[in-house]
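Okay, entry02.cif is below, mmCIF, C-alpha atoms:
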data_coords
loop_
_atom_site.label_atom_id
_atom_site.label_comp_id
_atom_site.auth_asym_id
_atom_site.auth_seq_id
_atom_site.Cartn_x
_atom_site.Cartn_y
_atom_site.Cartn_z
CA MET A 14 19.32 -7.62 -5.49
CA GLY A 15 22.93 -8.69 -5.54
CA ASP A 16 26.25 -6.91 -5.95
CA LEU A 17 25.81 -6.60 -9.73
CA TYR A 18 23.13 -3.95 -9.23
CA SER A 19 23.98 -0.28 -8.99
CA PRO A 20 22.43 1.69 -6.08
CA ARG A 21 19.87 3.17 -8.47
CA GLU A 22 18.95 -0.29 -9.76
CA ARG A 23 18.70 -1.66 -6.24
CA ILE A 24 16.30 1.12 -5.28
CA ALA A 25 14.22 0.38 -8.39
CA ALA A 26 14.22 -3.34 -7.53
CA SER A 27 13.12 -2.54 -3.97
CA LEU A 28 10.23 -0.45 -5.27
CA GLN A 29 9.21 -3.29 -7.58
CA LEU A 30 9.34 -5.74 -4.67
CA TYR A 31 7.20 -3.39 -2.59
CA ALA A 32 4.63 -3.22 -5.39
CA THR A 33 4.57 -7.03 -5.63
CA LEU A 34 4.08 -7.45 -1.87
CA LYS A 35 1.38 -4.80 -1.95
CA GLY A 36 -0.32 -6.66 -4.79
CA CYS A 37 -0.31 -9.91 -2.81
CA LEU A 38 -1.83 -8.16 0.19
CA GLY A 39 -4.43 -6.64 -2.11
CA ARG A 40 -5.82 -10.03 -3.09
CA LYS A 41 -9.24 -10.66 -1.60
CA THR A 42 -8.29 -14.05 -0.15
CA TRP A 43 -5.46 -16.57 -0.06
CA THR A 44 -5.81 -20.33 -0.15
CA PRO A 45 -3.56 -22.13 2.37
CA VAL A 46 -1.23 -23.21 -0.45
CA GLU A 47 -1.23 -19.71 -1.89
CA GLY A 48 -0.39 -18.22 1.50
CA ALA A 49 2.35 -20.78 2.16
CA LEU A 50 3.96 -20.00 -1.19
CA ILE A 51 3.72 -16.24 -0.77
CA MET A 52 5.17 -16.35 2.75
CA SER A 53 8.02 -18.41 1.30
CA GLY A 54 8.83 -15.77 -1.29
CA VAL A 55 7.04 -17.37 -4.25
CA LEU A 56 4.65 -15.35 -6.42
CA ALA A 57 1.81 -17.85 -6.19
CA PRO A 58 -0.90 -17.99 -8.87
CA GLU A 59 -4.02 -16.41 -7.44
CA GLY A 60 -6.31 -19.03 -5.92
CA CYS A 61 -3.87 -21.93 -6.42
CA GLU A 62 -4.53 -25.07 -4.39
CA GLU A 63 -1.57 -27.21 -5.45
CA MET A 64 2.17 -26.69 -5.28
CA PRO A 65 3.47 -25.64 -8.70
CA ASP A 66 6.63 -27.15 -10.13
CA GLY A 67 8.56 -23.93 -10.52
CA GLY A 68 7.69 -20.29 -10.87
CA VAL A 69 8.90 -16.79 -10.06
CA GLY A 70 9.89 -15.32 -6.72
CA LEU A 71 8.34 -12.24 -5.20
CA ASP A 72 11.64 -10.53 -5.93
CA GLY A 73 11.63 -11.66 -9.56
CA GLU A 74 14.06 -14.55 -9.05
CA ASN A 75 13.51 -17.46 -11.42
CA LEU A 76 12.54 -20.63 -9.54
CA PRO A 77 13.14 -23.39 -12.11
CA ASN A 78 11.52 -26.32 -10.30
CA GLY A 79 9.81 -27.52 -7.16
CA GLY A 80 13.12 -28.49 -5.61
CA HIS A 81 14.02 -24.88 -4.96
CA ARG A 82 14.47 -24.00 -1.28
CA ARG A 83 11.48 -21.65 -1.37
CA PHE A 84 9.14 -24.48 -2.39
CA HIS A 85 10.67 -26.60 0.36
CA CYS A 86 9.84 -23.82 2.81
CA ALA A 87 6.26 -23.66 1.48
CA ARG A 88 5.84 -27.41 1.98
CA LEU A 89 7.01 -27.07 5.59
CA ILE A 90 4.45 -24.33 6.14
CA MET A 91 1.73 -26.56 4.69
CA ARG A 92 2.80 -29.30 7.09
CA GLU A 93 2.26 -26.84 9.94
CA TRP A 94 -1.12 -25.93 8.44
CA HIS A 95 -2.28 -29.56 8.30
CA GLU A 96 -1.12 -30.19 11.87
CA TRP A 97 -2.99 -27.11 13.05
CA ALA A 98 -6.09 -28.12 11.08
CA SER A 99 -6.09 -31.60 12.60
CA GLU A 100 -6.08 -30.11 16.10
CA GLU A 101 -8.99 -27.74 15.53
CA GLU A 102 -11.70 -28.79 17.99
CA ASN A 103 -14.72 -27.68 15.97
CA GLY A 104 -13.37 -29.32 12.84
CA THR A 105 -14.01 -26.21 10.75
CA VAL A 106 -10.91 -25.26 8.82
CA PRO A 107 -11.10 -22.37 6.36
CA THR A 108 -10.25 -23.06 2.75
CA ARG A 109 -9.59 -19.38 2.16
CA MET A 110 -8.50 -16.53 4.40
CA THR A 111 -7.84 -12.86 3.89
CA PRO A 112 -4.12 -12.09 3.63
CA HIS A 113 -4.17 -10.42 7.05
CA GLN A 114 -5.90 -13.45 8.61
CA PHE A 115 -3.30 -15.80 7.14
CA ILE A 116 -0.43 -13.63 8.39
CA ASP A 117 -2.14 -13.50 11.79
CA TRP A 118 -2.27 -17.33 11.83
CA PHE A 119 1.34 -17.40 10.67
CA GLU A 120 2.41 -15.29 13.65
CA ARG A 121 0.23 -17.18 16.15
CA GLU A 122 1.85 -20.45 15.12
CA GLU A 123 5.24 -18.75 15.53
CA ILE A 124 6.29 -19.61 11.99
CA ASP A 125 9.01 -17.35 10.72
CA THR A 126 10.46 -16.69 7.28
CA PRO A 127 12.47 -13.73 5.96
CA TRP A 128 9.34 -12.61 4.09
CA LEU A 129 7.18 -12.15 7.18
CA ALA A 130 9.11 -9.06 8.28
CA LEU A 131 8.81 -7.58 4.78
CA PHE A 132 5.04 -8.03 4.74
CA ILE A 133 4.74 -6.49 8.21
CA ASP A 134 6.87 -3.61 6.93
CA VAL A 135 4.44 -3.07 4.03
CA ILE A 136 1.37 -3.32 6.29
CA VAL A 137 2.67 -1.02 9.02
CA GLY A 138 4.81 1.21 6.83
CA LYS A 139 7.98 0.74 8.85
CA PRO A 140 10.11 -2.15 10.15
CA ALA A 141 8.77 -4.24 13.02
CA PRO A 142 10.15 -3.28 16.48
CA GLU A 143 12.46 -6.29 16.59
CA GLN A 144 13.58 -5.91 12.98
CA ILE A 145 16.87 -4.15 12.25
CA ASP A 146 16.21 -1.17 10.00
CA TYR A 147 19.07 -2.00 7.65
CA ILE A 148 19.87 -0.18 4.42
CA PRO A 149 22.69 -1.64 2.28
CA SER A 150 25.84 0.49 2.45
CA GLN A 151 25.93 1.26 -1.29
CA VAL A 152 22.33 2.43 -1.27
CA ALA A 153 22.88 4.43 1.92
CA GLU A 154 25.94 6.16 0.42
CA TYR A 155 24.05 6.89 -2.79
CA ALA A 156 21.12 8.34 -0.84
CA ALA A 157 23.46 10.36 1.40
CA LYS A 158 25.19 11.92 -1.61
CA SER A 159 21.85 12.73 -3.21
CA MET A 160 20.62 14.30 0.03
CA ALA A 161 23.82 16.34 0.31
CA ILE A 162 23.19 17.76 -3.16
CA VAL A 163 19.59 18.58 -2.24
CA ASP A 164 20.70 20.19 1.04
CA SER A 165 23.24 22.33 -0.82
CA MET A 166 20.56 23.49 -3.24
CA ARG A 167 18.23 24.30 -0.35
CA GLN A 168 20.98 26.28 1.35
CA VAL A 169 21.60 28.34 -1.78
CA LEU A 170 17.88 28.98 -2.24
CA SER A 171 17.48 29.85 1.43
CA GLU A 172 20.33 32.36 1.33
CA ALA A 173 18.91 33.89 -1.83
CA SER A 174 15.48 34.20 -0.21
CA LEU A 175 16.92 35.78 2.95
CA GLY A 176 18.84 38.28 0.86
CA ALA A 177 15.62 39.40 -0.78
CA LEU A 178 13.85 40.06 2.54
CA PRO A 179 13.86 43.50 4.22
CA SER A 180 16.52 43.75 6.91
CA SER A 181 13.95 44.99 9.41
CA SER A 182 11.91 41.80 9.32
CA PRO A 183 11.02 40.89 12.92
CA GLU A 184 12.48 37.65 14.22
CA VAL A 185 10.16 34.95 15.46
CA SER A 186 10.91 34.08 19.05
CA ALA A 187 11.56 30.53 20.19
CA THR A 188 8.47 30.74 22.41
CA THR A 189 6.30 31.60 19.43
CA ARG A 190 7.73 28.73 17.43
CA LYS A 191 7.04 26.27 20.22
CA ALA A 192 3.47 27.49 20.54
CA ALA A 193 2.74 26.94 16.86
CA PRO A 194 -0.13 24.50 16.30
CA ARG A 195 0.50 21.04 14.95
CA VAL A 196 0.21 20.69 11.20
CA PRO A 197 -1.69 17.58 10.06
CA MET A 198 0.46 15.13 8.16
CA PRO A 199 -0.89 14.08 4.74
CA ILE A 200 -2.34 10.59 4.71
CA PRO A 201 0.30 8.28 3.16
CA GLU A 202 -0.62 6.97 -0.27
CA ASN A 203 -0.93 3.30 -1.21
CA ARG A 204 -1.44 2.25 2.40
CA ASP A 205 -4.32 0.33 3.97
CA TYR A 206 -3.33 0.87 7.60
CA LEU A 207 -1.45 3.38 9.74
CA SER A 208 0.51 2.94 12.94
CA THR A 209 -0.66 4.83 16.03
CA ASP A 210 2.11 7.42 15.62
CA GLU A 211 1.15 7.99 11.98
CA PHE A 212 -2.55 8.22 12.86
CA ALA A 213 -1.71 10.83 15.50
CA ALA A 214 0.37 12.82 13.01
CA VAL A 215 -2.46 12.75 10.46
CA MET A 216 -4.91 14.03 13.08
CA ALA A 217 -2.38 16.59 14.40
CA VAL A 218 -2.56 15.25 17.95
CA GLY A 219 -0.14 13.46 20.21
CA PRO A 220 0.03 9.64 20.06
CA GLN A 221 -0.94 9.54 23.74
CA SER A 222 -4.25 11.21 22.89
CA ILE A 223 -5.01 8.39 20.47
CA ARG A 224 -4.05 5.72 22.99
CA LYS A 225 -6.01 7.34 25.83
CA ARG A 226 -9.20 7.63 23.78
CA TYR A 227 -8.81 4.08 22.45
CA SER A 228 -8.24 2.76 25.98
CA SER A 229 -11.40 4.40 27.30
CA ASP A 230 -13.75 4.09 24.30
CA GLY A 231 -12.34 1.23 22.26
CA SER A 232 -11.95 3.58 19.30
CA TYR A 233 -10.76 7.05 18.41
CA HIS A 234 -13.87 9.03 17.50
CA GLY A 235 -15.30 5.96 15.81
CA VAL A 236 -12.13 4.70 14.14
CA ARG A 237 -11.49 1.19 15.42
CA PRO A 238 -8.08 -0.43 14.93
CA VAL A 239 -7.24 -3.91 13.74
CA LYS A 240 -5.41 -5.97 16.35
CA LEU A 241 -2.52 -8.18 15.29
CA ALA A 242 -1.45 -11.29 17.17
CA ASN A 243 1.53 -9.45 18.67
CA ARG A 244 -0.88 -6.90 20.23
CA ARG A 245 0.10 -4.19 17.79
CA VAL A 246 -2.85 -2.16 16.52
CA LEU A 247 -3.23 -0.71 13.04
CA TRP A 248 -5.70 1.98 12.03
CA PRO A 249 -7.65 1.57 8.75
CA VAL A 250 -6.83 4.36 6.32
CA GLU A 251 -10.35 4.65 4.90
CA ALA A 252 -11.86 5.29 8.34
CA VAL A 253 -9.05 7.71 9.18
CA ARG A 254 -9.66 9.62 5.95
CA GLN A 255 -13.39 9.74 6.69
CA LEU A 256 -12.74 11.16 10.17
CA ARG A 257 -10.17 13.66 8.89
CA ASN A 258 -12.66 14.92 6.32
CA GLY A 259 -15.24 15.58 9.01
CA GLY A 260 -17.47 12.61 8.30
CA VAL A 261 -19.14 10.29 10.78
CA VAL A 262 -17.23 7.03 10.95
CA ASP A 263 -19.30 3.88 10.66
CA GLU A 264 -18.25 1.82 13.67
CA GLY A 265 -19.91 -1.29 12.34
#

Show the structure stored in the file as structure tokens.
Amino acid sequence: MGDLYSPRERIAASLQLYATLKGCLGRKTWTPVEGALIMSGVLAPEGCEEMPDGGVGLDGENLPNGGHRRFHCARLIMREWHEWASEEENGTVPTRMTPHQFIDWFEREEIDTPWLALFIDVIVGKPAPEQIDYIPSQVAEYAAKSMAIVDSMRQVLSEASLGALPSSSPEVSATTRKAAPRVPMPIPENRDYLSTDEFAAVMAVGPQSIRKRYSSDGSYHGVRPVKLANRRVLWPVEAVRQLRNGGVVDEG
């Protein structure tokens, strides 16, 4: 997504990248080579066990041969994998892992690539705490102008609506507004996990209520989170949806 792209094209490219990352996370398992390639920004063939000599990047960039820097990065990751495997005491090294397990191993071994933060962003739905939430200036300006147009339209519609109301309409006091009940947030689409704040918003409770219940019971009314290596917890969307719909969550 270089300077030759217009803001609209850059947004479209970002959405395509998001879909590609989501697709990689949606695979049932990754082989070590597959995971190393993906975490290096290479769209690895599903189930691959050998380094390909060229391919396509997760962002659509053409990677003409195995000498590309992304393949070099993948080979370094595989070196880390083999060193880790040789040190395993029980001698049992998985030949396949779920994407989340591989990313968990990736973080435990303190391996870092620019793609790790993007995958965490997709999993959690927002940038990691230490990641700068950066939006390119051209895209930010484009979005700001679009929002200004929308705000102007809302203002016109609001004024038109107010003009149609009877002048004797009682005003709602600030106290009444503050006392209004929380409105449940819709469950985000195309997401497998929610952050604690998002889970709280979906359930129309405060985040502290979620944390307190989890601390005492190990779950929130049966919904158990997934723990990442950095101690962050993520709440599975399917279980959240089941709880929100009044069902009994299977804690198994």

Subject >> Nearby residues (only C-alpha atoms) at most 10 Å from Pro220 of chain A, same-chain spacing under 6 positions excluded, as number ranges by chain >> reply: A: 208-214

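Of the listed residues (A:Met110, A:Ile200, A:Ile124, A:Val236), A:Ile124 comes nearest to Ala87 of chain A; the distances count only C-alpha atoms.
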
**OP:** Any chance you could resolve the PyMOL selection byres ((chain A and resi 73-77) around 10) against this file and give the residues as a PyMOL selection string?
**Re:** chain A and resi 14+26+29-30+33+54-56+66-72+78-84

How would the residues just picked look written out with C-alpha atoms as a CSV table (one decimal), in the coordinates of the input?
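And here is the file that came out, part_27.csv:
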chain,number,residue,atom,x,y,z
A,14,MET,CA,19.3,-7.6,-5.5
A,26,ALA,CA,14.2,-3.3,-7.5
A,29,GLN,CA,9.2,-3.3,-7.6
A,30,LEU,CA,9.3,-5.7,-4.7
A,33,THR,CA,4.6,-7.0,-5.6
A,54,GLY,CA,8.8,-15.8,-1.3
A,55,VAL,CA,7.0,-17.4,-4.2
A,56,LEU,CA,4.6,-15.4,-6.4
A,66,ASP,CA,6.6,-27.2,-10.1
A,67,GLY,CA,8.6,-23.9,-10.5
A,68,GLY,CA,7.7,-20.3,-10.9
A,69,VAL,CA,8.9,-16.8,-10.1
A,70,GLY,CA,9.9,-15.3,-6.7
A,71,LEU,CA,8.3,-12.2,-5.2
A,72,ASP,CA,11.6,-10.5,-5.9
A,78,ASN,CA,11.5,-26.3,-10.3
A,79,GLY,CA,9.8,-27.5,-7.2
A,80,GLY,CA,13.1,-28.5,-5.6
A,81,HIS,CA,14.0,-24.9,-5.0
A,82,ARG,CA,14.5,-24.0,-1.3
A,83,ARG,CA,11.5,-21.6,-1.4
A,84,PHE,CA,9.1,-24.5,-2.4

Subject >> Close residues, Phe115 of chain A itself excluded, 8 Å, all atoms listed in the file, min 3 positions apart in chain, as a PyMOL selection string >> reply: chain A and resi 43+45+48+110-112+118-119

Subject >> Explicit residue set for the PyMOL selection byres ((chain A and resi 108) around 12), as a ChimeraX atom specification >> reply: /A:42-48,60-62,94-95,98,105-107,109-111,115

Could you take the residues named above and write them with C-alpha atoms, as a PDB file, in the frame of the given file?
ATOM      1  CA  THR A  42      -8.290 -14.050  -0.150  1.00  0.00           C
ATOM      2  CA  TRP A  43      -5.460 -16.570  -0.060  1.00  0.00           C
ATOM      3  CA  THR A  44      -5.810 -20.330  -0.150  1.00  0.00           C
ATOM      4  CA  PRO A  45      -3.560 -22.130   2.370  1.00  0.00           C
ATOM      5  CA  VAL A  46      -1.230 -23.210  -0.450  1.00  0.00           C
ATOM      6  CA  GLU A  47      -1.230 -19.710  -1.890  1.00  0.00           C
ATOM      7  CA  GLY A  48      -0.390 -18.220   1.500  1.00  0.00           C
ATOM      8  CA  GLY A  60      -6.310 -19.030  -5.920  1.00  0.00           C
ATOM      9  CA  CYS A  61      -3.870 -21.930  -6.420  1.00  0.00           C
ATOM     10  CA  GLU A  62      -4.530 -25.070  -4.390  1.00  0.00           C
ATOM     11  CA  TRP A  94      -1.120 -25.930   8.440  1.00  0.00           C
ATOM     12  CA  HIS A  95      -2.280 -29.560   8.300  1.00  0.00           C
ATOM     13  CA  ALA A  98      -6.090 -28.120  11.080  1.00  0.00           C
ATOM     14  CA  THR A 105     -14.010 -26.210  10.750  1.00  0.00           C
ATOM     15  CA  VAL A 106     -10.910 -25.260   8.820  1.00  0.00           C
ATOM     16  CA  PRO A 107     -11.100 -22.370   6.360  1.00  0.00           C
ATOM     17  CA  ARG A 109      -9.590 -19.380   2.160  1.00  0.00           C
ATOM     18  CA  MET A 110      -8.500 -16.530   4.400  1.00  0.00           C
ATOM     19  CA  THR A 111      -7.840 -12.860   3.890  1.00  0.00           C
ATOM     20  CA  PHE A 115      -3.300 -15.800   7.140  1.00  0.00           C
TER      21      PHE A 115
END

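Interatomic distance, atom CA of Ser159 of chain A to atom CA of Ala173 of chain A: 21.4 Å.
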
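The coordinates place atom CA of Arg257 of chain A at 15.8 Å from atom CA of Arg204 of chain A.
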
Subject >> Selection: 12 Å around Gly235 of chain A, only C-alpha atoms, excl. self and same-chain fewer than 5 positions, as a ChimeraX atom specification >> reply: /A:223,226-227,230,248-249,252-257,259-265

Emit the selected residues as a PDB file, in the frame of the given file, including C-alpha atoms.
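File produced: out-v6.pdb:
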ATOM      1  CA  ILE A 223      -5.010   8.390  20.470  1.00  0.00           C
ATOM      2  CA  ARG A 226      -9.200   7.630  23.780  1.00  0.00           C
ATOM      3  CA  TYR A 227      -8.810   4.080  22.450  1.00  0.00           C
ATOM      4  CA  ASP A 230     -13.750   4.090  24.300  1.00  0.00           C
ATOM      5  CA  TRP A 248      -5.700   1.980  12.030  1.00  0.00           C
ATOM      6  CA  PRO A 249      -7.650   1.570   8.750  1.00  0.00           C
ATOM      7  CA  ALA A 252     -11.860   5.290   8.340  1.00  0.00           C
ATOM      8  CA  VAL A 253      -9.050   7.710   9.180  1.00  0.00           C
ATOM      9  CA  ARG A 254      -9.660   9.620   5.950  1.00  0.00           C
ATOM     10  CA  GLN A 255     -13.390   9.740   6.690  1.00  0.00           C
ATOM     11  CA  LEU A 256     -12.740  11.160  10.170  1.00  0.00           C
ATOM     12  CA  ARG A 257     -10.170  13.660   8.890  1.00  0.00           C
ATOM     13  CA  GLY A 259     -15.240  15.580   9.010  1.00  0.00           C
ATOM     14  CA  GLY A 260     -17.470  12.610   8.300  1.00  0.00           C
ATOM     15  CA  VAL A 261     -19.140  10.290  10.780  1.00  0.00           C
ATOM     16  CA  VAL A 262     -17.230   7.030  10.950  1.00  0.00           C
ATOM     17  CA  ASP A 263     -19.300   3.880  10.660  1.00  0.00           C
ATOM     18  CA  GLU A 264     -18.250   1.820  13.670  1.00  0.00           C
ATOM     19  CA  GLY A 265     -19.910  -1.290  12.340  1.00  0.00           C
TER      20      GLY A 265
END

**OP:** Find the residue from A:Glu202, A:Glu22, A:Glu93, A:Glu59 that sits nearest to Asp125 of chain A; use only C-alpha atoms when measuring.
**Re:** A:Glu93

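Here atom CA of Met198 of chain A is placed at a distance of 16.0 Å from atom CA of Ser222 of chain A.
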
**OP:** Quick one: everything within 8 Å of segment 134-139 of chain A, counting all atoms listed in the file, minus sequence neighbours fewer than 6 positions away in the same chain. Send it as number ranges by chain.
**Re:** A: 31, 34-35, 204-208, 247

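In this comparison, which uses only C-alpha atoms, the residue of A:Ala32, A:Glu251, A:Asn258, A:Val169 approaching Phe132 of chain A most closely is A:Ala32.
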
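When all atoms listed in the file are used to measure the gap to Pro20 of chain A, the shortest distance among A:Trp97, A:Ser53, A:Lys158, A:Pro65 belongs to A:Lys158.
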
Would you kindly place N, CA, C and O atoms on segment 192-206 of chain A and return the model as a PDB file, keeping the file's coordinate frame?
ATOM      1  N   ALA A 192       4.917  27.420  20.348  1.00  0.00           N
ATOM      2  CA  ALA A 192       3.470  27.490  20.540  1.00  0.00           C
ATOM      3  C   ALA A 192       2.704  27.257  19.242  1.00  0.00           C
ATOM      4  O   ALA A 192       1.486  27.252  19.240  1.00  0.00           O
ATOM      5  N   ALA A 193       3.418  27.119  18.143  1.00  0.00           N
ATOM      6  CA  ALA A 193       2.740  26.940  16.860  1.00  0.00           C
ATOM      7  C   ALA A 193       1.913  25.658  16.876  1.00  0.00           C
ATOM      8  O   ALA A 193       2.331  24.648  17.432  1.00  0.00           O
ATOM      9  N   PRO A 194       0.723  25.694  16.299  1.00  0.00           N
ATOM     10  CA  PRO A 194      -0.130  24.500  16.300  1.00  0.00           C
ATOM     11  C   PRO A 194       0.456  23.390  15.438  1.00  0.00           C
ATOM     12  O   PRO A 194       1.244  23.636  14.531  1.00  0.00           O
ATOM     13  N   ARG A 195       0.053  22.176  15.751  1.00  0.00           N
ATOM     14  CA  ARG A 195       0.500  21.040  14.950  1.00  0.00           C
ATOM     15  C   ARG A 195      -0.092  21.134  13.545  1.00  0.00           C
ATOM     16  O   ARG A 195      -1.232  21.553  13.371  1.00  0.00           O
ATOM     17  N   VAL A 196       0.681  20.718  12.587  1.00  0.00           N
ATOM     18  CA  VAL A 196       0.210  20.690  11.200  1.00  0.00           C
ATOM     19  C   VAL A 196      -0.112  19.251  10.834  1.00  0.00           C
ATOM     20  O   VAL A 196       0.739  18.370  10.988  1.00  0.00           O
ATOM     21  N   PRO A 197      -1.337  18.968  10.392  1.00  0.00           N
ATOM     22  CA  PRO A 197      -1.690  17.580  10.060  1.00  0.00           C
ATOM     23  C   PRO A 197      -0.788  17.019   8.966  1.00  0.00           C
ATOM     24  O   PRO A 197      -0.499  17.690   7.981  1.00  0.00           O
ATOM     25  N   MET A 198      -0.345  15.807   9.166  1.00  0.00           N
ATOM     26  CA  MET A 198       0.460  15.130   8.160  1.00  0.00           C
ATOM     27  C   MET A 198      -0.454  14.576   7.067  1.00  0.00           C
ATOM     28  O   MET A 198      -1.535  14.066   7.366  1.00  0.00           O
ATOM     29  N   PRO A 199      -0.071  14.685   5.805  1.00  0.00           N
ATOM     30  CA  PRO A 199      -0.890  14.080   4.740  1.00  0.00           C
ATOM     31  C   PRO A 199      -1.013  12.573   4.956  1.00  0.00           C
ATOM     32  O   PRO A 199      -0.087  11.932   5.450  1.00  0.00           O
ATOM     33  N   ILE A 200      -2.147  12.034   4.588  1.00  0.00           N
ATOM     34  CA  ILE A 200      -2.340  10.590   4.710  1.00  0.00           C
ATOM     35  C   ILE A 200      -1.457   9.894   3.676  1.00  0.00           C
ATOM     36  O   ILE A 200      -1.523  10.215   2.487  1.00  0.00           O
ATOM     37  N   PRO A 201      -0.595   8.967   4.104  1.00  0.00           N
ATOM     38  CA  PRO A 201       0.300   8.280   3.160  1.00  0.00           C
ATOM     39  C   PRO A 201      -0.492   7.580   2.054  1.00  0.00           C
ATOM     40  O   PRO A 201      -1.558   7.017   2.300  1.00  0.00           O
ATOM     41  N   GLU A 202       0.039   7.624   0.851  1.00  0.00           N
ATOM     42  CA  GLU A 202      -0.620   6.970  -0.270  1.00  0.00           C
ATOM     43  C   GLU A 202      -0.287   5.485  -0.313  1.00  0.00           C
ATOM     44  O   GLU A 202       0.707   5.043   0.246  1.00  0.00           O
ATOM     45  N   ASN A 203      -1.139   4.741  -0.985  1.00  0.00           N
ATOM     46  CA  ASN A 203      -0.930   3.300  -1.210  1.00  0.00           C
ATOM     47  C   ASN A 203      -0.755   2.538   0.101  1.00  0.00           C
ATOM     48  O   ASN A 203       0.063   1.627   0.198  1.00  0.00           O
ATOM     49  N   ARG A 204      -1.514   2.928   1.105  1.00  0.00           N
ATOM     50  CA  ARG A 204      -1.440   2.250   2.400  1.00  0.00           C
ATOM     51  C   ARG A 204      -2.859   1.899   2.841  1.00  0.00           C
ATOM     52  O   ARG A 204      -3.796   2.676   2.647  1.00  0.00           O
ATOM     53  N   ASP A 205      -3.024   0.740   3.442  1.00  0.00           N
ATOM     54  CA  ASP A 205      -4.320   0.330   3.970  1.00  0.00           C
ATOM     55  C   ASP A 205      -4.446   0.631   5.464  1.00  0.00           C
ATOM     56  O   ASP A 205      -5.550   0.810   5.970  1.00  0.00           O
ATOM     57  N   TYR A 206      -3.315   0.671   6.153  1.00  0.00           N
ATOM     58  CA  TYR A 206      -3.330   0.870   7.600  1.00  0.00           C
ATOM     59  C   TYR A 206      -2.230   1.843   8.015  1.00  0.00           C
ATOM     60  O   TYR A 206      -1.219   1.996   7.328  1.00  0.00           O
TER      61      TYR A 206
END
